[in-house]
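Coordinates as given in query.txt (compact mmCIF, C-alpha atoms):
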# COMPACT_ATOMS: atom_id res chain seq x y z
CA MET T 5 0.00 0.00 0.00
CA LYS T 6 1.35 3.40 -0.94
CA LYS T 7 2.38 5.33 2.14
CA TYR T 8 3.32 8.98 1.95
CA GLY T 9 3.62 9.62 5.68
CA GLU T 10 2.11 9.34 9.12
CA ARG T 11 -0.67 11.23 10.89
CA VAL T 12 0.22 13.99 13.27
CA SER T 13 -2.99 13.69 15.25
CA GLN T 14 -6.39 12.04 15.05
CA PRO T 15 -9.12 14.67 14.52
CA ALA T 16 -12.35 14.48 16.44
CA THR T 17 -14.27 13.74 13.25
CA GLN T 18 -12.55 10.34 12.96
CA GLN T 19 -13.08 9.23 16.55
CA SER T 20 -15.63 6.47 17.08
CA ALA T 21 -18.99 7.49 18.52
CA LYS T 22 -20.61 4.88 20.74
CA SER T 23 -23.94 6.61 21.16
CA ALA T 24 -26.49 8.17 18.85
CA GLY T 25 -25.62 11.54 20.34
CA GLY T 26 -21.95 10.89 19.57
CA VAL T 27 -22.73 10.06 15.94
CA ALA T 28 -24.76 13.25 15.55
CA SER T 29 -21.97 15.28 17.15
CA SER T 30 -19.40 13.70 14.82
CA ALA T 31 -21.57 14.49 11.80
CA ARG T 32 -21.86 18.14 12.86
CA GLN T 33 -18.10 18.38 13.33
CA GLN T 34 -17.52 16.84 9.91
CA ALA T 35 -19.86 19.37 8.30
CA SER T 36 -18.06 22.15 10.15
CA THR T 37 -14.67 20.90 8.94
CA ALA T 38 -15.90 20.77 5.34
CA GLN T 39 -16.63 24.50 5.50
CA ARG T 40 -13.16 25.37 6.76
CA PRO T 41 -10.45 26.50 4.34
CA PHE T 42 -7.01 24.91 4.35
CA ALA T 43 -3.43 26.12 4.07
CA VAL T 44 -0.49 23.98 2.99
CA PHE T 45 3.14 24.74 3.78
CA ASP T 46 6.46 23.43 2.60
CA ILE T 47 8.76 23.06 5.62
CA ASP T 48 12.43 23.25 4.57
CA GLY T 49 13.47 26.81 3.81
CA THR T 50 9.85 27.95 4.15
CA LEU T 51 9.17 27.49 7.86
CA VAL T 52 12.47 26.10 9.15
CA ARG T 53 15.52 28.14 8.14
CA TRP T 54 17.52 25.12 7.00
CA GLN T 55 16.96 21.82 5.19
CA LEU T 56 15.94 19.16 7.72
CA TYR T 57 16.96 16.35 5.37
CA HIS T 58 20.50 17.73 5.32
CA ALA T 59 20.50 18.35 9.06
CA ILE T 60 19.71 14.71 9.81
CA ALA T 61 22.56 13.58 7.55
CA ASP T 62 24.94 15.89 9.42
CA GLU T 63 23.66 14.61 12.76
CA LEU T 64 24.21 10.99 11.75
CA VAL T 65 27.83 11.86 10.94
CA LYS T 66 28.18 13.71 14.25
CA LEU T 67 26.84 10.70 16.15
CA GLY T 68 29.33 8.45 14.36
CA TYR T 69 26.66 6.42 12.54
CA ILE T 70 27.86 7.58 9.12
CA ASN T 71 31.56 7.53 8.26
CA SER T 72 32.78 11.13 7.95
CA ARG T 73 35.38 10.21 5.31
CA ALA T 74 32.75 8.55 3.14
CA PHE T 75 30.62 11.67 3.53
CA GLN T 76 33.42 14.05 2.51
CA SER T 77 32.34 14.29 -1.13
CA VAL T 78 28.95 15.57 0.04
CA LYS T 79 30.63 18.19 2.23
CA ASP T 80 32.80 19.25 -0.73
CA ALA T 81 29.71 19.67 -2.91
CA ARG T 82 28.05 21.72 -0.17
CA MET T 83 31.06 24.00 -0.01
CA GLN T 84 30.87 24.56 -3.78
CA TRP T 85 27.26 25.65 -3.29
CA LYS T 86 28.20 27.95 -0.39
CA LYS T 87 30.83 29.53 -2.64
CA ARG T 88 28.07 30.04 -5.25
CA SER T 89 30.31 28.36 -7.82
CA GLY T 90 27.46 28.04 -10.32
CA PRO T 91 23.68 28.47 -10.71
CA GLU T 92 23.11 24.73 -10.30
CA ALA T 93 25.53 24.23 -7.40
CA PHE T 94 22.78 23.61 -4.86
CA GLN T 95 21.05 21.04 -7.06
CA VAL T 96 24.37 19.23 -7.61
CA TYR T 97 25.02 19.18 -3.88
CA GLU T 98 21.49 17.98 -3.08
CA ARG T 99 21.61 15.13 -5.61
CA LYS T 100 24.96 13.98 -4.24
CA LEU T 101 23.62 14.15 -0.68
CA VAL T 102 20.53 12.08 -1.46
CA TRP T 103 22.53 9.46 -3.34
CA ALA T 104 25.11 9.06 -0.56
CA TYR T 105 22.54 9.29 2.22
CA GLU T 106 20.21 6.61 0.86
CA LYS T 107 23.15 4.27 0.32
CA MET T 108 24.40 4.74 3.88
CA LEU T 109 20.93 4.43 5.35
CA LEU T 110 21.06 0.68 4.68
CA LYS T 111 23.85 0.39 7.25
CA LEU T 112 21.85 2.06 10.02
CA THR T 113 19.21 0.84 12.42
CA PHE T 114 15.89 2.64 12.62
CA ASN T 115 16.64 3.53 16.26
CA GLN T 116 19.85 5.29 15.22
CA PHE T 117 17.89 7.23 12.63
CA GLN T 118 15.23 8.16 15.20
CA GLU T 119 17.92 9.41 17.57
CA ALA T 120 19.26 11.75 14.89
CA ALA T 121 15.75 12.95 13.98
CA GLU T 122 14.98 13.78 17.62
CA ASN T 123 18.25 15.71 18.02
CA VAL T 124 17.56 17.70 14.84
CA PHE T 125 14.04 18.49 16.01
CA LYS T 126 15.30 19.85 19.33
CA LYS T 127 17.92 21.97 17.57
CA TYR T 128 15.86 23.40 14.71
CA LYS T 129 12.24 23.52 15.95
CA ASP T 130 12.49 27.20 16.88
CA GLN T 131 14.90 28.27 14.12
CA VAL T 132 12.08 29.43 11.86
CA TYR T 133 11.10 32.40 9.74
CA THR T 134 9.03 35.09 11.42
CA TYR T 135 6.69 35.54 8.46
CA THR T 136 5.61 31.92 8.13
CA ARG T 137 5.49 31.31 11.88
CA GLU T 138 3.13 34.27 12.39
CA LEU T 139 1.11 33.32 9.30
CA ILE T 140 0.58 29.85 10.80
CA TRP T 141 -0.60 31.39 14.06
CA LYS T 142 -3.00 33.71 12.21
CA LEU T 143 -4.41 30.94 10.02
CA LYS T 144 -4.99 28.69 13.03
CA LYS T 145 -6.83 31.53 14.74
CA ASP T 146 -8.93 32.02 11.59
CA GLY T 147 -9.94 28.36 11.61
CA TYR T 148 -7.81 27.03 8.74
CA VAL T 149 -6.93 23.34 8.52
CA LEU T 150 -3.14 23.21 8.25
CA PHE T 151 -1.13 20.75 6.14
CA ALA T 152 2.64 20.31 5.78
CA ILE T 153 4.11 18.62 2.69
CA SER T 154 7.87 18.16 2.64
CA ASN T 155 10.50 16.05 0.91
CA SER T 156 12.28 15.61 4.24
CA GLN T 157 11.86 12.44 6.26
CA ILE T 158 8.42 11.94 7.82
CA GLU T 159 10.03 11.30 11.22
CA ILE T 160 11.28 14.90 11.43
CA VAL T 161 8.43 16.47 9.45
CA SER T 162 5.82 14.99 11.81
CA ARG T 163 7.68 16.35 14.85
CA ILE T 164 7.80 19.87 13.41
CA ALA T 165 4.19 19.68 12.22
CA ASP T 166 2.95 18.53 15.62
CA TYR T 167 4.97 21.25 17.38
CA TYR T 168 3.30 23.99 15.29
CA GLY T 169 -0.18 22.50 15.44
CA PHE T 170 -0.60 21.25 11.88
CA ASP T 171 -3.56 18.94 11.33
CA ASP T 172 -1.78 16.53 8.98
CA CYS T 173 1.55 16.13 7.26
CA ILE T 174 3.35 14.24 4.51
CA GLY T 175 7.07 13.54 4.17
CA THR T 176 9.50 11.09 2.61
CA TYR T 177 8.96 7.62 4.02
CA TYR T 178 11.94 5.26 4.07
CA HIS T 179 10.52 1.79 4.47
CA HIS T 180 11.89 -0.29 7.32
CA GLU T 181 11.26 -3.77 8.69
CA GLY T 182 12.63 -5.42 11.80
CA GLY T 183 14.44 -2.25 12.81
CA ARG T 184 16.40 -1.99 9.51
CA PHE T 185 15.83 0.00 6.34
CA THR T 186 14.82 -1.94 3.23
CA GLY T 187 16.09 0.51 0.59
CA ALA T 188 12.57 1.34 -0.61
CA ALA T 189 11.16 4.85 -0.27
CA THR T 190 7.99 6.80 -1.01
CA ILE T 191 8.78 10.40 -1.86
CA PRO T 192 6.32 13.24 -2.60
CA LEU T 193 8.84 15.02 -4.86
CA GLY T 194 7.23 16.05 -8.15
CA ALA T 195 3.77 14.98 -7.05
CA LYS T 196 2.94 17.39 -4.24
CA HIS T 197 -0.35 18.43 -5.86
CA LEU T 198 -1.46 14.78 -5.91
CA VAL T 199 -0.51 14.38 -2.26
CA LEU T 200 -2.40 17.59 -1.47
CA ALA T 201 -5.46 16.29 -3.30
CA GLU T 202 -5.37 13.17 -1.10
CA LEU T 203 -5.21 15.29 2.06
CA VAL T 204 -8.06 17.53 0.91
CA LYS T 205 -10.22 14.48 0.17
CA LYS T 206 -9.22 12.75 3.38
CA HIS T 207 -10.33 15.72 5.50
CA GLY T 208 -13.45 16.44 3.45
CA LEU T 209 -12.35 19.94 2.43
CA GLY T 210 -12.72 22.16 -0.62
CA TYR T 211 -10.36 24.59 -2.33
CA SER T 212 -12.27 27.79 -1.55
CA GLN T 213 -9.95 30.32 0.17
CA SER T 214 -7.15 27.74 0.08
CA LEU T 215 -3.59 29.00 0.58
CA ALA T 216 -0.12 27.58 -0.05
CA VAL T 217 3.40 28.73 0.81
CA GLY T 218 6.53 27.36 -0.86
CA ASP T 219 10.07 28.38 -1.72
CA SER T 220 11.25 26.08 -4.53
CA SER T 221 10.25 24.77 -7.94
CA SER T 222 9.04 21.52 -6.34
CA ASP T 223 6.28 23.57 -4.70
CA ILE T 224 4.90 24.99 -7.95
CA THR T 225 2.24 22.29 -8.33
CA ILE T 226 0.70 22.95 -4.90
CA LEU T 227 0.89 26.71 -5.42
CA GLU T 228 -0.99 26.31 -8.69
CA ALA T 229 -3.65 24.19 -6.99
CA VAL T 230 -4.80 26.81 -4.47
CA GLU T 231 -6.58 30.16 -4.62
CA ILE T 232 -3.91 32.09 -2.67
CA PRO T 233 -0.33 31.10 -3.65
CA ILE T 234 2.61 32.73 -1.85
CA ALA T 235 6.17 32.32 -3.11
CA PHE T 236 8.35 32.80 -0.03
CA ASN T 237 12.08 33.50 -0.47
CA PRO T 238 11.72 31.84 -3.89
CA GLU T 239 14.52 30.29 -5.88
CA ARG T 240 14.94 31.61 -9.42
CA LYS T 241 12.70 29.10 -11.20
CA LEU T 242 9.87 29.62 -8.74
CA PHE T 243 10.31 33.41 -8.84
CA GLU T 244 10.08 33.45 -12.63
CA HIS T 245 6.99 31.24 -12.53
CA ALA T 246 5.40 33.43 -9.86
CA GLN T 247 6.16 36.52 -11.93
CA ASN T 248 4.44 35.01 -14.97
CA LYS T 249 1.42 34.10 -12.85
CA GLY T 250 1.31 37.35 -10.88
CA TRP T 251 1.60 35.54 -7.55
CA LYS T 252 2.44 37.28 -4.30
CA VAL T 253 6.13 37.11 -3.39
CA VAL T 254 7.45 37.54 0.16
CA VAL T 255 11.12 37.91 1.06
CA GLU T 256 12.45 37.81 4.62
CA ARG T 257 15.98 38.97 5.34
CA LYS T 258 17.42 39.68 8.80
CA ASN T 259 14.65 41.55 10.66
CA MET T 260 12.82 42.76 7.54
CA ILE T 261 9.91 41.23 5.64
CA TYR T 262 9.27 42.49 2.10
CA GLU T 263 5.88 41.73 0.57
CA LEU T 264 5.86 42.20 -3.20
CA LYS T 265 2.92 42.38 -5.56
CA ALA T 266 2.84 42.11 -9.34
CA GLU T 267 2.03 45.23 -11.32
CA ASP T 268 2.45 45.67 -15.08
CA GLY T 269 4.75 42.64 -15.35
CA ARG T 270 7.06 43.65 -12.51
CA TYR T 271 7.08 43.54 -8.74
CA ILE T 272 6.68 46.50 -6.41
CA LEU T 273 6.57 46.72 -2.62
CA ALA T 274 3.06 45.94 -1.44

Translate this file's structure into C-alpha cells.
Amino acid sequence: MKKYGERVSQPATQQSAKSAGGVASSARQQASTAQRPFAVFDIDGTLVRWQLYHAIADELVKLGYINSRAFQSVKDARMQWKKRSGPEAFQVYERKLVWAYEKMLLKLTFNQFQEAAENVFKKYKDQVYTYTRELIWKLKKDGYVLFAISNSQIEIVSRIADYYGFDDCIGTYYHHEGGRFTGAATIPLGAKHLVLAELVKKHGLGYSQSLAVGDSSSDITILEAVEIPIAFNPERKLFEHAQNKGWKVVVERKNMIYELKAEDGRYILA
C-alpha cells in the first residue's frame, strides 16, 4: 500500500462514537470541517531556516553512525554551493547528498535514525522564519486546517508539524522492517499536488480560500492548486513562474519582511 507519511494527530471527526448523540456530534463536526479553508506549507526553507533532510545527515555523521570520510564528497559539494560556484551548485550538492545518504541508510538501524531525527528536532524547531510562523498562528486563529508537505523524512516532518499545530503532514517515508531499512522509499517530490489532493479528500475539504506557501520549484504544483499562492524566499525558477502568474512574493531577510505584488509585469513593494 502506498504510504506517503504518518498522521500527526487524530481529529475528532474520525473518533468512534458509541452513542447516537456521539454520531450526531461527529456528523456536525464533519460538516463544520468541510466548510473550513485549508493552508499547505512546505517546511524546509519555508518554515524552518535550513533543510531538515541535510540536518539529519549531518547529525548521523556527528553521532558516528555515518563515516565522515565517506561523507566528505557531500561536504565538498556543499562548499561549492556555499561559494556560489554556479547556478546549479545547490542542485548538484542535493543530488549527491541524497545518493550518498540513501546508500548509507542501509547500514543504520531505525533507532539510530530516530535518535538523529529527535536531536535535529530539538535543535531546529524554533529556528524558523518570522513571516511563516506568524502566518501559521494567524491561520490557526482564523480556523484554517493546516497541512505540511515536505520532501524531508516523515520522522522529522511529523515532529515539526505537531509542534506547530498542523492537522496533517506528509514527508518522505523510508521503508523499514525489523528495525532496519529496506532501501525502498515513497517520496512526494514532483507529485505534491497529488498528495495535497489526497489530504483535501481525506479531510473532506474544498479549495475555496485555500492558501499555499513554498520556496522552490518543487512547490509549484501545490501553489498552482490553491486560490492564494505565496512564493516565499523563492529560488529563481519559482520566482520566474510566480512573476508570470502574478503571484504574491514575500522575502524575509534579517529583521525585515518584504511583501511584493505584481504590477504591469514587474514587482513593487506591497

### Message
Quick check, in Å to one decimal: how far apart do atom CA of Asn237 of chain T and atom CA of Arg257 of chain T lie?
### Response
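Result for atom CA of Asn237 of chain T versus atom CA of Arg257 of chain T: 8.9 Å, one decimal.
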
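Comparing T:Val253, T:Val52, T:Leu150, T:Val44 by their smallest distance to Val199 of chain T, the closest is T:Val44 (using all atoms listed in the file).
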
### Message
Which residues are near Glu239 of chain T? Cut-off 10 Å, all atoms listed in the file, ignore same chain within fewer than 6 positions. Put them as a list in words.
### Response
Gly218, Asp219, Ser220 and Ser221 of chain T

Keeping only C-alpha atoms, write the selected residues as a PDB file, in the coordinates of the input.
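And here's result.pdb as it stands now:
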ATOM      1  CA  GLY T 218       6.530  27.360  -0.860  1.00  0.00           C
ATOM      2  CA  ASP T 219      10.070  28.380  -1.720  1.00  0.00           C
ATOM      3  CA  SER T 220      11.250  26.080  -4.530  1.00  0.00           C
ATOM      4  CA  SER T 221      10.250  24.770  -7.940  1.00  0.00           C
TER       5      SER T 221
END

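Distances here use only C-alpha atoms; by that measure, the residue among T:Met260, T:Leu112, T:Cys173, T:Ala61 closest to Glu98 of chain T is T:Ala61.
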
### Message
Is it possible to get the residues within 7 Å of (-1.2, 20.7, -8.5) (coordinates as in the file, counting only C-alpha atoms) written as a PyMOL selection string?
### Response
chain T and resi 196-198+225-226+228-229

### Task
Work out how far apart atom CA of Lys206 of chain T and atom CA of Phe45 of chain T are and give it in Å to one decimal.
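Between atom CA of Lys206 of chain T and atom CA of Phe45 of chain T the gap works out to 17.2 Å.
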
Since the input is missing atoms for segment 250-264 of chain T, could you rebuild it with N, CA and C atoms and give the result as a tab-separated table (two decimals), in the frame of the given file?
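See selection_36.tsv below for the written result:
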chain	number	residue	atom	x	y	z
T	250	GLY	N	1.75	36.21	-11.69
T	250	GLY	CA	1.31	37.35	-10.88
T	250	GLY	C	1.06	37.00	-9.42
T	251	TRP	N	1.77	35.97	-8.94
T	251	TRP	CA	1.60	35.54	-7.55
T	251	TRP	C	2.28	36.51	-6.58
T	252	LYS	N	1.81	36.51	-5.36
T	252	LYS	CA	2.44	37.28	-4.30
T	252	LYS	C	3.80	36.68	-3.96
T	253	VAL	N	4.78	37.54	-3.77
T	253	VAL	CA	6.13	37.11	-3.39
T	253	VAL	C	6.48	37.79	-2.07
T	254	VAL	N	7.02	37.01	-1.14
T	254	VAL	CA	7.45	37.54	0.16
T	254	VAL	C	8.91	37.16	0.37
T	255	VAL	N	9.70	38.14	0.79
T	255	VAL	CA	11.12	37.91	1.06
T	255	VAL	C	11.42	38.35	2.49
T	256	GLU	N	12.05	37.47	3.26
T	256	GLU	CA	12.45	37.81	4.62
T	256	GLU	C	13.96	37.75	4.73
T	257	ARG	N	14.54	38.87	5.15
T	257	ARG	CA	15.98	38.97	5.34
T	257	ARG	C	16.25	39.71	6.65
T	258	LYS	N	17.09	39.11	7.50
T	258	LYS	CA	17.42	39.68	8.80
T	258	LYS	C	16.11	39.98	9.55
T	259	ASN	N	15.88	41.24	9.92
T	259	ASN	CA	14.65	41.55	10.66
T	259	ASN	C	13.64	42.30	9.80
T	260	MET	N	13.73	42.09	8.48
T	260	MET	CA	12.82	42.76	7.54
T	260	MET	C	12.05	41.74	6.72
T	261	ILE	N	10.76	42.04	6.50
T	261	ILE	CA	9.91	41.23	5.64
T	261	ILE	C	9.40	42.12	4.51
T	262	TYR	N	9.67	41.72	3.27
T	262	TYR	CA	9.27	42.49	2.10
T	262	TYR	C	8.16	41.74	1.37
T	263	GLU	N	6.98	42.33	1.31
T	263	GLU	CA	5.88	41.73	0.57
T	263	GLU	C	5.79	42.44	-0.79
T	264	LEU	N	5.86	41.65	-1.85
T	264	LEU	CA	5.86	42.20	-3.20
T	264	LEU	C	4.58	41.80	-3.92
